[in-house]
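Trainee: Sharing data_26.csv below, CSV, C-alpha atoms:
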```csv
chain,number,residue,atom,x,y,z
A,1,MET,CA,-62.1,-34.8,29.7
A,2,GLY,CA,-61.1,-31.2,29.7
A,3,GLN,CA,-57.7,-29.8,30.5
A,4,ARG,CA,-56.5,-30.3,34.1
A,5,HIS,CA,-55.0,-27.5,36.1
A,6,ILE,CA,-52.1,-28.6,38.3
A,7,LEU,CA,-49.8,-26.6,40.5
A,8,HIS,CA,-46.4,-27.8,41.8
A,9,CYS,CA,-45.3,-25.7,44.8
A,10,ASP,CA,-41.7,-25.8,45.9
A,11,CYS,CA,-40.6,-24.0,49.0
A,12,ASN,CA,-37.4,-22.0,48.2
A,13,CYS,CA,-34.3,-23.1,50.2
A,14,PHE,CA,-36.8,-24.5,52.7
A,15,TYR,CA,-34.5,-25.4,55.7
A,16,ALA,CA,-32.6,-22.2,55.3
A,17,SER,CA,-35.8,-20.1,54.9
A,18,VAL,CA,-37.2,-21.6,58.1
A,19,GLU,CA,-34.0,-20.8,60.0
A,20,MET,CA,-34.1,-17.2,58.8
A,21,GLN,CA,-37.7,-16.9,59.8
A,22,GLU,CA,-37.0,-18.3,63.3
A,23,HIS,CA,-33.8,-16.2,63.6
A,24,PRO,CA,-34.3,-12.8,61.8
A,25,GLU,CA,-30.6,-11.9,62.4
A,26,LEU,CA,-29.7,-14.5,59.7
A,27,ARG,CA,-31.8,-12.9,56.9
A,28,GLY,CA,-29.8,-11.8,53.9
A,29,LYS,CA,-26.7,-13.6,55.1
A,30,SER,CA,-24.8,-16.6,53.7
A,31,ILE,CA,-26.0,-19.6,55.7
A,32,ALA,CA,-25.9,-23.3,55.3
A,33,VAL,CA,-28.1,-25.8,57.2
A,34,CYS,CA,-25.9,-28.8,57.8
A,35,GLY,CA,-25.6,-32.0,59.8
A,36,ASP,CA,-23.6,-31.6,63.0
A,37,PRO,CA,-19.9,-31.6,62.2
A,38,GLU,CA,-19.1,-32.9,65.7
A,39,ALA,CA,-21.2,-36.0,64.8
A,40,ARG,CA,-19.2,-36.5,61.6
A,41,HIS,CA,-21.9,-35.8,59.1
A,42,GLY,CA,-21.1,-32.2,58.3
A,43,ILE,CA,-22.8,-32.0,54.9
A,44,VAL,CA,-24.7,-29.0,53.5
A,45,LEU,CA,-28.4,-29.9,53.4
A,46,THR,CA,-29.5,-26.6,52.0
A,47,ALA,CA,-28.0,-23.1,51.6
A,48,SER,CA,-29.4,-19.6,51.3
A,49,TYR,CA,-29.3,-17.8,48.0
A,50,PRO,CA,-26.3,-15.6,49.0
A,51,ALA,CA,-24.4,-18.7,49.9
A,52,LYS,CA,-25.4,-20.4,46.6
A,53,ARG,CA,-24.2,-17.5,44.6
A,54,MET,CA,-20.8,-18.1,46.2
A,55,GLY,CA,-20.8,-21.7,45.0
A,56,VAL,CA,-22.1,-23.5,48.1
A,57,LYS,CA,-24.1,-26.5,47.0
A,58,THR,CA,-26.3,-29.1,48.6
A,59,GLY,CA,-24.3,-32.2,49.5
A,60,MET,CA,-21.0,-30.3,49.8
A,61,PRO,CA,-18.9,-31.0,52.9
A,62,ILE,CA,-18.8,-28.1,55.3
A,63,TRP,CA,-15.0,-27.6,54.9
A,64,GLU,CA,-15.4,-27.3,51.1
A,65,ALA,CA,-18.4,-24.9,51.5
A,66,LYS,CA,-16.3,-22.6,53.7
A,67,GLN,CA,-13.7,-22.5,51.0
A,68,HIS,CA,-16.2,-21.1,48.6
A,69,CYS,CA,-17.8,-18.7,51.1
A,70,ARG,CA,-15.5,-17.5,53.9
A,71,ASP,CA,-18.4,-15.8,55.7
A,72,LEU,CA,-20.6,-18.8,55.7
A,73,ILE,CA,-22.7,-19.3,58.8
A,74,VAL,CA,-23.3,-22.9,59.6
A,75,VAL,CA,-26.6,-23.7,61.2
A,76,PRO,CA,-27.4,-27.2,62.6
A,77,ALA,CA,-30.5,-28.9,61.1
A,78,SER,CA,-33.6,-29.0,63.3
A,79,TYR,CA,-36.1,-31.3,61.6
A,80,GLY,CA,-38.9,-30.7,64.1
A,81,LYS,CA,-39.1,-27.1,63.0
A,82,TYR,CA,-39.1,-28.1,59.3
A,83,GLN,CA,-41.9,-30.6,59.8
A,84,LYS,CA,-43.9,-27.9,61.6
A,85,TYR,CA,-43.6,-25.4,58.8
A,86,SER,CA,-44.3,-28.1,56.3
A,87,SER,CA,-47.6,-28.9,58.0
A,88,TYR,CA,-48.5,-25.2,58.0
A,89,VAL,CA,-47.8,-24.9,54.3
A,90,ARG,CA,-50.1,-27.9,53.6
A,91,GLU,CA,-52.9,-26.4,55.7
A,92,ILE,CA,-52.8,-23.4,53.3
A,93,PHE,CA,-52.9,-25.8,50.3
A,94,ARG,CA,-55.9,-27.6,51.6
A,95,ASP,CA,-57.8,-24.3,51.8
A,96,TYR,CA,-57.9,-24.5,48.0
A,97,THR,CA,-58.2,-28.2,47.2
A,98,ASP,CA,-58.3,-31.6,48.9
A,99,GLN,CA,-56.1,-33.1,46.1
A,100,VAL,CA,-52.7,-32.4,47.6
A,101,GLU,CA,-49.9,-34.9,47.0
A,102,SER,CA,-46.7,-34.4,49.1
A,103,PHE,CA,-43.3,-34.9,47.5
A,104,GLY,CA,-41.0,-34.5,50.4
A,105,LEU,CA,-41.3,-31.9,53.2
A,106,ASP,CA,-41.0,-28.9,50.9
A,107,GLU,CA,-42.8,-29.8,47.7
A,108,ALA,CA,-46.4,-30.8,46.7
A,109,TRP,CA,-48.7,-31.1,43.7
A,110,LEU,CA,-52.2,-29.6,43.9
A,111,ASP,CA,-55.0,-30.4,41.5
A,112,ILE,CA,-57.1,-27.2,41.4
A,113,THR,CA,-59.3,-28.2,38.4
A,114,GLY,CA,-62.4,-28.3,40.6
A,115,SER,CA,-61.5,-25.1,42.4
A,116,LEU,CA,-61.6,-22.6,39.6
A,117,GLY,CA,-65.2,-21.7,40.1
A,118,LEU,CA,-64.5,-20.8,43.7
A,119,PHE,CA,-61.1,-19.1,43.6
A,120,GLY,CA,-60.6,-17.9,40.0
A,121,ASP,CA,-58.1,-18.9,37.3
A,122,PRO,CA,-55.0,-21.0,38.0
A,123,VAL,CA,-52.6,-18.1,38.0
A,124,LYS,CA,-54.8,-16.2,40.5
A,125,ILE,CA,-54.9,-19.2,42.8
A,126,ALA,CA,-51.1,-19.7,42.5
A,127,LYS,CA,-50.5,-16.0,43.3
A,128,GLU,CA,-52.9,-16.2,46.3
A,129,ILE,CA,-51.2,-19.3,47.7
A,130,SER,CA,-47.7,-17.7,47.2
A,131,ASP,CA,-48.8,-14.5,48.9
A,132,ARG,CA,-50.3,-16.3,51.8
A,133,ILE,CA,-47.3,-18.5,52.5
A,134,LYS,CA,-45.0,-15.4,52.3
A,135,ARG,CA,-47.3,-13.3,54.6
A,136,GLU,CA,-48.3,-16.0,57.1
A,137,LEU,CA,-45.1,-18.0,57.3
A,138,GLY,CA,-42.4,-15.7,56.1
A,139,ILE,CA,-41.0,-18.1,53.4
A,140,THR,CA,-41.3,-18.0,49.6
A,141,VAL,CA,-42.4,-20.6,47.1
A,142,SER,CA,-41.8,-21.2,43.4
A,143,ILE,CA,-44.9,-22.5,41.7
A,144,GLY,CA,-45.4,-24.2,38.3
A,145,VAL,CA,-48.8,-23.9,36.8
A,146,SER,CA,-49.5,-26.5,34.1
A,147,PHE,CA,-51.7,-29.2,32.7
A,148,ASN,CA,-50.0,-32.2,34.3
A,149,LYS,CA,-47.7,-33.1,37.3
A,150,ILE,CA,-44.5,-33.5,35.4
A,151,THR,CA,-44.8,-30.2,33.5
A,152,ALA,CA,-45.9,-28.4,36.6
A,153,LYS,CA,-42.7,-29.5,38.4
A,154,LEU,CA,-40.6,-28.3,35.5
A,155,GLY,CA,-42.4,-25.0,35.9
A,156,SER,CA,-41.6,-24.7,39.6
A,157,ASP,CA,-37.9,-25.4,38.8
A,158,TYR,CA,-37.8,-23.0,35.9
A,159,LYS,CA,-37.5,-19.8,37.8
A,160,LYS,CA,-36.5,-19.3,41.5
A,161,PRO,CA,-37.0,-17.8,44.0
A,162,ASP,CA,-40.5,-16.5,44.6
A,163,ALA,CA,-41.8,-17.1,41.0
A,164,ILE,CA,-44.8,-18.4,39.1
A,165,THR,CA,-44.2,-20.0,35.8
A,166,VAL,CA,-47.0,-21.0,33.5
A,167,ILE,CA,-46.5,-23.8,31.0
A,168,GLU,CA,-49.4,-24.5,28.7
A,169,PRO,CA,-49.7,-26.6,25.6
A,170,ASP,CA,-49.2,-23.5,23.4
A,171,ASN,CA,-45.8,-22.6,25.0
A,172,TYR,CA,-44.7,-26.1,26.0
A,173,LYS,CA,-42.1,-26.7,23.3
A,174,GLN,CA,-40.8,-23.2,23.6
A,175,ILE,CA,-40.1,-23.5,27.4
A,176,VAL,CA,-39.5,-27.2,27.9
A,177,TYR,CA,-37.7,-28.5,24.9
A,178,PRO,CA,-34.5,-26.5,25.4
A,179,LEU,CA,-34.2,-27.7,29.0
A,180,PRO,CA,-31.5,-30.2,30.0
A,181,VAL,CA,-32.8,-33.7,30.0
A,182,GLY,CA,-31.7,-34.1,33.6
A,183,ASP,CA,-34.4,-31.6,34.6
A,184,LEU,CA,-37.1,-34.1,33.8
A,185,LEU,CA,-38.5,-35.9,36.9
A,186,TYR,CA,-36.9,-39.3,37.3
A,187,VAL,CA,-34.1,-38.8,34.9
A,188,GLY,CA,-31.3,-39.4,37.4
A,189,ASN,CA,-27.6,-39.2,36.8
A,190,ALA,CA,-27.3,-42.7,35.4
A,191,THR,CA,-30.1,-42.2,33.0
A,192,GLN,CA,-28.8,-38.8,32.0
A,193,ARG,CA,-25.4,-40.3,31.3
A,194,LYS,CA,-26.9,-43.1,29.2
A,195,LEU,CA,-29.0,-40.6,27.2
A,196,GLY,CA,-26.0,-38.4,26.7
A,197,SER,CA,-24.0,-41.3,25.3
A,198,TYR,CA,-26.7,-41.5,22.6
A,199,GLY,CA,-26.5,-37.7,21.9
A,200,ILE,CA,-29.7,-36.9,23.8
A,201,ARG,CA,-29.0,-33.9,26.0
A,202,THR,CA,-32.3,-31.9,26.0
A,203,ILE,CA,-35.9,-32.7,26.8
A,204,GLY,CA,-36.7,-31.8,23.2
A,205,GLN,CA,-34.3,-34.3,21.8
A,206,LEU,CA,-35.8,-36.9,24.1
A,207,ALA,CA,-39.3,-36.0,23.0
A,208,GLU,CA,-38.3,-36.4,19.3
A,209,THR,CA,-36.7,-39.8,19.8
A,210,ASN,CA,-38.7,-42.8,18.7
A,211,PRO,CA,-40.4,-44.4,21.8
A,212,GLU,CA,-39.5,-47.9,20.5
A,213,VAL,CA,-35.9,-46.9,20.4
A,214,LEU,CA,-36.1,-45.7,24.0
A,215,LYS,CA,-37.9,-48.9,25.0
A,216,GLY,CA,-34.9,-50.8,23.6
A,217,TRP,CA,-32.5,-48.8,25.7
A,218,PHE,CA,-34.5,-48.6,29.0
A,219,GLY,CA,-37.2,-51.3,28.7
A,220,VAL,CA,-40.8,-50.3,29.5
A,221,MET,CA,-39.5,-47.2,31.3
A,222,GLY,CA,-38.5,-45.8,27.9
A,223,TYR,CA,-42.2,-45.3,27.0
A,224,THR,CA,-42.6,-43.4,30.3
A,225,LEU,CA,-39.7,-41.1,29.6
A,226,SER,CA,-41.0,-40.5,26.1
A,227,ALA,CA,-44.5,-39.6,27.4
A,228,PHE,CA,-43.0,-37.3,30.1
A,229,ALA,CA,-40.8,-35.5,27.6
A,230,ARG,CA,-43.8,-34.9,25.2
A,231,GLY,CA,-46.0,-33.6,28.0
A,232,LEU,CA,-48.4,-36.5,28.0
A,233,ASP,CA,-48.4,-37.4,31.7
A,234,GLN,CA,-51.9,-38.3,32.9
A,235,THR,CA,-51.0,-39.4,36.5
A,236,PRO,CA,-53.6,-38.1,38.9
A,237,VAL,CA,-52.8,-36.0,41.9
A,238,ALA,CA,-53.5,-38.3,44.9
A,239,LYS,CA,-56.6,-37.3,46.9
A,240,GLN,CA,-55.1,-37.7,50.3
A,241,ASP,CA,-54.5,-36.0,53.6
A,242,ALA,CA,-51.1,-35.4,55.2
A,243,HIS,CA,-51.1,-38.8,56.8
A,244,SER,CA,-51.8,-41.0,53.9
A,245,ALA,CA,-49.1,-39.2,51.8
A,246,ILE,CA,-46.5,-40.9,53.9
A,247,LYS,CA,-45.7,-44.5,53.0
A,248,SER,CA,-42.6,-45.0,55.1
A,249,VAL,CA,-40.9,-43.5,58.1
A,250,GLY,CA,-37.2,-43.8,58.7
A,251,ASN,CA,-34.4,-42.5,60.8
A,252,SER,CA,-30.7,-43.0,60.4
A,253,ALA,CA,-27.5,-41.7,62.1
A,254,THR,CA,-23.9,-41.2,61.4
A,255,THR,CA,-22.6,-42.3,64.8
A,256,PRO,CA,-20.3,-40.2,67.0
A,257,ARG,CA,-17.9,-43.1,67.1
A,258,ASP,CA,-17.5,-46.3,65.0
A,259,LEU,CA,-19.7,-49.2,66.0
A,260,THR,CA,-17.5,-52.3,66.6
A,261,THR,CA,-19.7,-54.8,68.4
A,262,ASP,CA,-23.2,-56.3,68.3
A,263,GLU,CA,-23.9,-54.4,71.6
A,264,ASP,CA,-23.2,-51.1,69.9
A,265,VAL,CA,-25.5,-51.9,67.0
A,266,TRP,CA,-28.3,-53.1,69.4
A,267,LEU,CA,-28.2,-49.8,71.3
A,268,MET,CA,-28.4,-47.7,68.1
A,269,LEU,CA,-31.2,-49.8,66.7
A,270,VAL,CA,-33.2,-49.4,69.9
A,271,LEU,CA,-32.8,-45.6,69.8
A,272,LEU,CA,-33.7,-45.4,66.1
A,273,SER,CA,-36.6,-47.8,66.4
A,274,GLU,CA,-38.1,-45.8,69.2
A,275,SER,CA,-38.2,-42.7,67.1
A,276,VAL,CA,-39.5,-44.5,64.0
A,277,ALA,CA,-42.3,-46.2,66.0
A,278,MET,CA,-43.2,-43.0,67.8
A,279,ARG,CA,-43.6,-41.2,64.4
A,280,MET,CA,-45.8,-44.1,63.2
A,281,ARG,CA,-48.0,-43.8,66.2
A,282,ASP,CA,-48.3,-40.0,65.6
A,283,LEU,CA,-49.5,-40.8,62.1
A,284,GLY,CA,-51.9,-43.5,63.3
A,285,SER,CA,-50.0,-46.1,61.3
A,286,LYS,CA,-48.2,-49.4,61.5
A,287,CYS,CA,-45.6,-50.8,59.2
A,288,ASN,CA,-45.7,-54.1,57.2
A,289,VAL,CA,-42.0,-54.0,56.4
A,290,VAL,CA,-38.9,-53.3,58.5
A,291,GLU,CA,-35.8,-52.2,56.7
A,292,ILE,CA,-32.2,-51.5,57.9
A,293,TYR,CA,-29.4,-49.6,56.3
A,294,VAL,CA,-25.8,-50.2,57.3
A,295,ARG,CA,-22.7,-48.3,56.2
A,296,ASP,CA,-19.1,-49.2,57.2
A,297,ASN,CA,-16.2,-46.8,57.9
A,298,GLU,CA,-15.1,-47.0,54.3
A,299,LEU,CA,-18.6,-45.7,53.3
A,300,SER,CA,-19.8,-49.0,51.7
A,301,GLY,CA,-23.3,-49.9,52.6
A,302,PHE,CA,-26.3,-52.1,52.0
A,303,THR,CA,-30.0,-52.3,52.8
A,304,ARG,CA,-32.0,-55.3,53.9
A,305,ARG,CA,-35.7,-55.6,54.6
A,306,ARG,CA,-38.3,-58.1,55.9
A,307,LYS,CA,-42.0,-58.4,55.3
A,308,LEU,CA,-43.9,-58.9,58.6
A,309,ASP,CA,-46.7,-61.4,59.3
A,310,ASN,CA,-48.6,-58.6,61.1
A,311,PRO,CA,-48.1,-54.8,61.0
A,312,THR,CA,-46.6,-53.2,64.0
A,313,ASN,CA,-45.6,-49.8,65.6
A,314,VAL,CA,-44.1,-51.4,68.7
A,315,SER,CA,-40.6,-50.0,69.2
A,316,ILE,CA,-39.0,-53.0,70.8
A,317,GLU,CA,-40.5,-55.3,68.2
A,318,ILE,CA,-39.1,-53.2,65.4
A,319,ALA,CA,-35.7,-53.1,67.1
A,320,ARG,CA,-35.6,-56.9,67.5
A,321,ILE,CA,-36.5,-57.5,63.8
A,322,ALA,CA,-33.9,-54.9,62.7
A,323,PHE,CA,-31.2,-56.5,64.9
A,324,ASP,CA,-32.1,-60.0,63.5
A,325,LEU,CA,-31.7,-58.6,60.0
A,326,PHE,CA,-28.3,-57.2,60.9
A,327,LYS,CA,-27.1,-60.4,62.5
A,328,ARG,CA,-28.1,-62.4,59.4
A,329,ASN,CA,-26.3,-60.1,57.0
A,330,TYR,CA,-23.2,-58.7,58.7
A,331,SER,CA,-20.2,-60.4,60.1
A,332,TRP,CA,-18.0,-57.4,61.1
A,333,PRO,CA,-15.5,-57.2,58.2
A,334,LYS,CA,-15.2,-53.5,59.1
A,335,PRO,CA,-16.5,-51.2,61.9
A,336,LEU,CA,-19.7,-49.3,61.1
A,337,ARG,CA,-20.1,-45.6,60.8
A,338,GLY,CA,-23.8,-45.3,59.9
A,339,ILE,CA,-26.9,-47.2,60.6
A,340,GLY,CA,-30.6,-46.7,59.9
A,341,VAL,CA,-34.1,-48.2,60.5
A,342,ARG,CA,-37.2,-47.7,58.4
A,343,GLY,CA,-40.8,-48.8,58.7
A,344,ALA,CA,-42.3,-49.2,55.2
A,345,ASP,CA,-45.6,-50.1,53.6
A,346,LEU,CA,-47.5,-48.2,56.2
A,347,CYS,CA,-51.2,-49.0,56.9
A,348,PRO,CA,-53.8,-47.6,59.3
A,349,ALA,CA,-53.1,-48.6,62.9
A,350,ASP,CA,-56.7,-50.0,63.2
A,351,CYS,CA,-56.5,-52.1,60.0
A,352,ALA,CA,-57.8,-55.7,60.3
A,353,VAL,CA,-55.1,-58.4,60.6
A,354,GLN,CA,-55.2,-62.2,60.5
A,355,LEU,CA,-54.2,-63.5,63.9
A,356,GLY,CA,-52.0,-66.6,64.2
A,357,PHE,CA,-52.4,-69.5,66.6
A,358,PHE,CA,-49.0,-68.6,68.2
A,359,SER,CA,-49.3,-64.8,68.2
A,360,ASN,CA,-49.5,-63.2,71.7
A,361,GLU,CA,-51.8,-60.2,71.0
A,362,GLU,CA,-52.2,-59.6,74.7
A,363,LYS,CA,-48.5,-59.0,75.2
A,364,ARG,CA,-48.3,-56.8,72.1
A,365,GLU,CA,-51.2,-54.7,73.4
A,366,LYS,CA,-49.4,-54.2,76.7
A,367,LEU,CA,-46.2,-53.1,74.7
A,368,GLU,CA,-48.3,-50.6,72.7
A,369,HIS,CA,-49.7,-49.2,75.9
A,370,ILE,CA,-46.2,-48.8,77.3
A,371,ASP,CA,-45.0,-47.1,74.2
A,372,ARG,CA,-47.9,-44.6,74.2
A,373,ALA,CA,-47.3,-43.8,77.9
A,374,VAL,CA,-43.6,-43.1,77.1
A,375,ASP,CA,-44.7,-40.9,74.2
A,376,THR,CA,-46.9,-38.9,76.6
A,377,LEU,CA,-44.1,-38.5,79.2
A,378,ARG,CA,-41.5,-37.4,76.6
A,379,GLN,CA,-43.9,-34.9,75.0
A,380,ARG,CA,-44.6,-33.4,78.4
A,381,TYR,CA,-41.2,-33.6,80.1
A,382,GLY,CA,-38.7,-34.1,77.4
A,383,TYR,CA,-37.0,-36.9,75.6
A,384,ARG,CA,-34.6,-37.9,78.5
A,385,SER,CA,-37.4,-38.1,81.1
A,386,VAL,CA,-37.8,-41.8,80.3
A,387,GLN,CA,-34.9,-43.9,79.0
A,388,ARG,CA,-34.3,-47.6,78.4
A,389,ALA,CA,-31.5,-49.0,80.6
A,390,VAL,CA,-29.4,-50.0,77.5
A,391,VAL,CA,-28.9,-46.3,76.8
A,392,TYR,CA,-26.7,-46.0,79.9
A,393,THR,CA,-24.3,-48.8,78.8
A,394,ASP,CA,-22.5,-46.3,76.5
A,395,PRO,CA,-22.5,-42.6,77.4
A,396,VAL,CA,-21.3,-41.6,73.9
A,397,LEU,CA,-23.9,-43.5,71.8
A,398,GLY,CA,-26.5,-43.1,74.5
A,399,SER,CA,-26.3,-39.3,74.2
A,400,ILE,CA,-27.9,-39.3,70.8
A,401,ASN,CA,-31.4,-37.9,70.7
A,402,ALA,CA,-33.0,-39.8,67.9
A,403,TYR,CA,-36.3,-38.0,68.3
A,404,ASP,CA,-34.7,-34.9,66.7
A,405,ASP,CA,-34.5,-36.4,63.3
A,406,HIS,CA,-37.5,-38.0,61.5
A,407,ASN,CA,-37.0,-38.7,57.8
A,408,ILE,CA,-40.4,-38.8,56.0
A,409,HIS,CA,-40.4,-40.6,52.7
A,410,PRO,CA,-43.1,-39.4,50.3
A,411,VAL,CA,-45.3,-41.7,48.3
A,412,GLY,CA,-43.4,-43.0,45.3
A,413,TYR,CA,-44.4,-41.3,42.1
A,414,PHE,CA,-45.2,-44.6,40.3
A,415,HIS,CA,-46.8,-46.1,43.4
A,416,THR,CA,-44.7,-49.2,43.3
A,417,ALA,CA,-44.7,-51.6,46.2
```
Take the structure I supplied and represent it as structure tokens, if you would.
Mentor:
Amino acid sequence: MGQRHILHCDCNCFYASVEMQEHPELRGKSIAVCGDPEARHGIVLTASYPAKRMGVKTGMPIWEAKQHCRDLIVVPASYGKYQKYSSYVREIFRDYTDQVESFGLDEAWLDITGSLGLFGDPVKIAKEISDRIKRELGITVSIGVSFNKITAKLGSDYKKPDAITVIEPDNYKQIVYPLPVGDLLYVGNATQRKLGSYGIRTIGQLAETNPEVLKGWFGVMGYTLSAFARGLDQTPVAKQDAHSAIKSVGNSATTPRDLTTDEDVWLMLVLLSESVAMRMRDLGSKCNVVEIYVRDNELSGFTRRRKLDNPTNVSIEIARIAFDLFKRNYSWPKPLRGIGVRGADLCPADCAVQLGFFSNEEKREKLEHIDRAVDTLRQRYGYRSVQRAVVYTDPVLGSINAYDDHNIHPVGYFHTA
């Protein structure tokens, strides 16, 4: 097999770039896209480069970010816009190859090995993609051009913004080996600390460490880390469309007030489940797993999940399963500040299922029809045109528009279940 040609494309300061494109008056200014401080999750999601140069970082509380940058303009996040731009970017990618693997809203791998005869050499293709995204969408990308996925991602991270970095076998050691080991995909903070305790601080030092030693420290994952560091990744870029790239859909909220009763939790789970189920229907998918996330007012949290007998995208069914998971796992030692729902292990909505003797498919079909009718009305007349009665039992919690925030979780790199 000849050398592969892989691109990793990373949209620069994606959320901030979209906001500046939609609001030209923000261009060139120090802006930070944040969660709503009035809803108690005022954290920087992304910042423009002028703000970054002043020390504003992702994950920083707004009050701290403003200490670093007095002129900081805080912009509330608008996930619908970011999803729209993400889909536009992927349409451009698919003009060059059908092997496009999403890694979040703002990143993707492209295998262009079979496209060279049509579009030219890898750097020419990368430049054309970069120019088109800039010209058509008004945002910039950094692109890594390389021979595998891991190294291509190192390339896109190597120089920002609006850059193309080529990493080939003949310059691999020169560029990659001096980089911090934490730059390697899937070397998280804990792994980086552990490697550091053994004196391994660069990718080159990791590459030169005996794989058997790494296996002793990290188990089988040690072999993977060794292969990644030495540029030996052979993982294929998934041949998939935008829908199949998504393996789970979730939504969570930091609530405008603490949740103190089962009724509070039920209301939130209904709101979140509606948005998650609607997103699955948009994708033509159903979930085989329902998961909840709970965080108390001292910021301790846990996750629980349940495998379903039959896949579903019915909102009330997801809410009831989520509420049952909550009831079985929480006894109110403290009030809750955050809660989330996720549908995982997605499958096509028309996939075959084994019916049970006691399943009521006629009732489920009616619920699906009702959900789809509600989707149509809300798309045409707005989210609040149709509401469940439970929303009106609490004006504070009921004021949340859960449809504004869909969190798409990309396919896991190792494709684990």
Trainee: Given the choices A:Ala65, A:Cys11, A:Leu336, A:Ala77, which gets closest to Ala108 of chain A if the distance is worked out from only C-alpha atoms?
Mentor: A:Cys11
Trainee: Please identify all polymer residues within 12 Å of Tyr158 of chain A, counting all atoms listed in the file, omitting same-chain residues fewer than 5 positions from it, and present them as JSON, numbers by chain.
Mentor: {"A": [8, 9, 10, 142, 143, 144, 145, 151, 152, 153, 163, 164, 165, 166, 167, 175, 176, 178, 179, 180, 183, 184]}
Trainee: Would you mind reading off the distance between atom CA of Arg279 of chain A and atom CA of Asn12 of chain A, one decimal, in Å?
Mentor: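 Between these atoms lies a distance of 25.9 Å.
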Trainee: Please determine, counting only C-alpha atoms, which residue among A:Tyr96, A:Gly138, A:Pro211, A:Leu232 has the shortest atom-to-atom distance to Pro169 of chain A.
Mentor: A:Leu232
Trainee: Between A:Glu368, A:Glu362, A:Glu263, A:Asp157, which one has atoms that come closest to Glu107 of chain A, using only C-alpha atoms?
Mentor: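 Among the listed residues, A:Asp157 lies closest to Glu107 of chain A.
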Trainee: Could you jot down the atom CA of Lys57 of chain A to atom CA of Val141 of chain A separation for me, Å, one decimal place?
Mentor: 19.2 Å
Trainee: Excluding segment 373-378 of chain A and residues on its chain fewer than 5 positions from it, collect all residues at most 10 Å away from it, counting all atoms listed in the file, and give them as a ChimeraX atom specification.
Mentor: /A:274-275,278-279,281-282,367-368,383-387,403
Trainee: So that I can check the surroundings of Thr393 of chain A, please list as a PDB file with C-alpha atoms, in the coordinates of the input every protein, DNA and RNA residue that reaches within 10 Å of it, counting all atoms listed in the file and ignoring chain neighbours fewer than 5 positions away.
Mentor:
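Saved to part-v3.pdb:
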```pdb
ATOM      1  CA  GLU A 263     -23.900 -54.400  71.600  1.00  0.00           C
ATOM      2  CA  ASP A 264     -23.200 -51.100  69.900  1.00  0.00           C
ATOM      3  CA  LEU A 267     -28.200 -49.800  71.300  1.00  0.00           C
ATOM      4  CA  GLY A 398     -26.500 -43.100  74.500  1.00  0.00           C
TER       5      GLY A 398
END
```
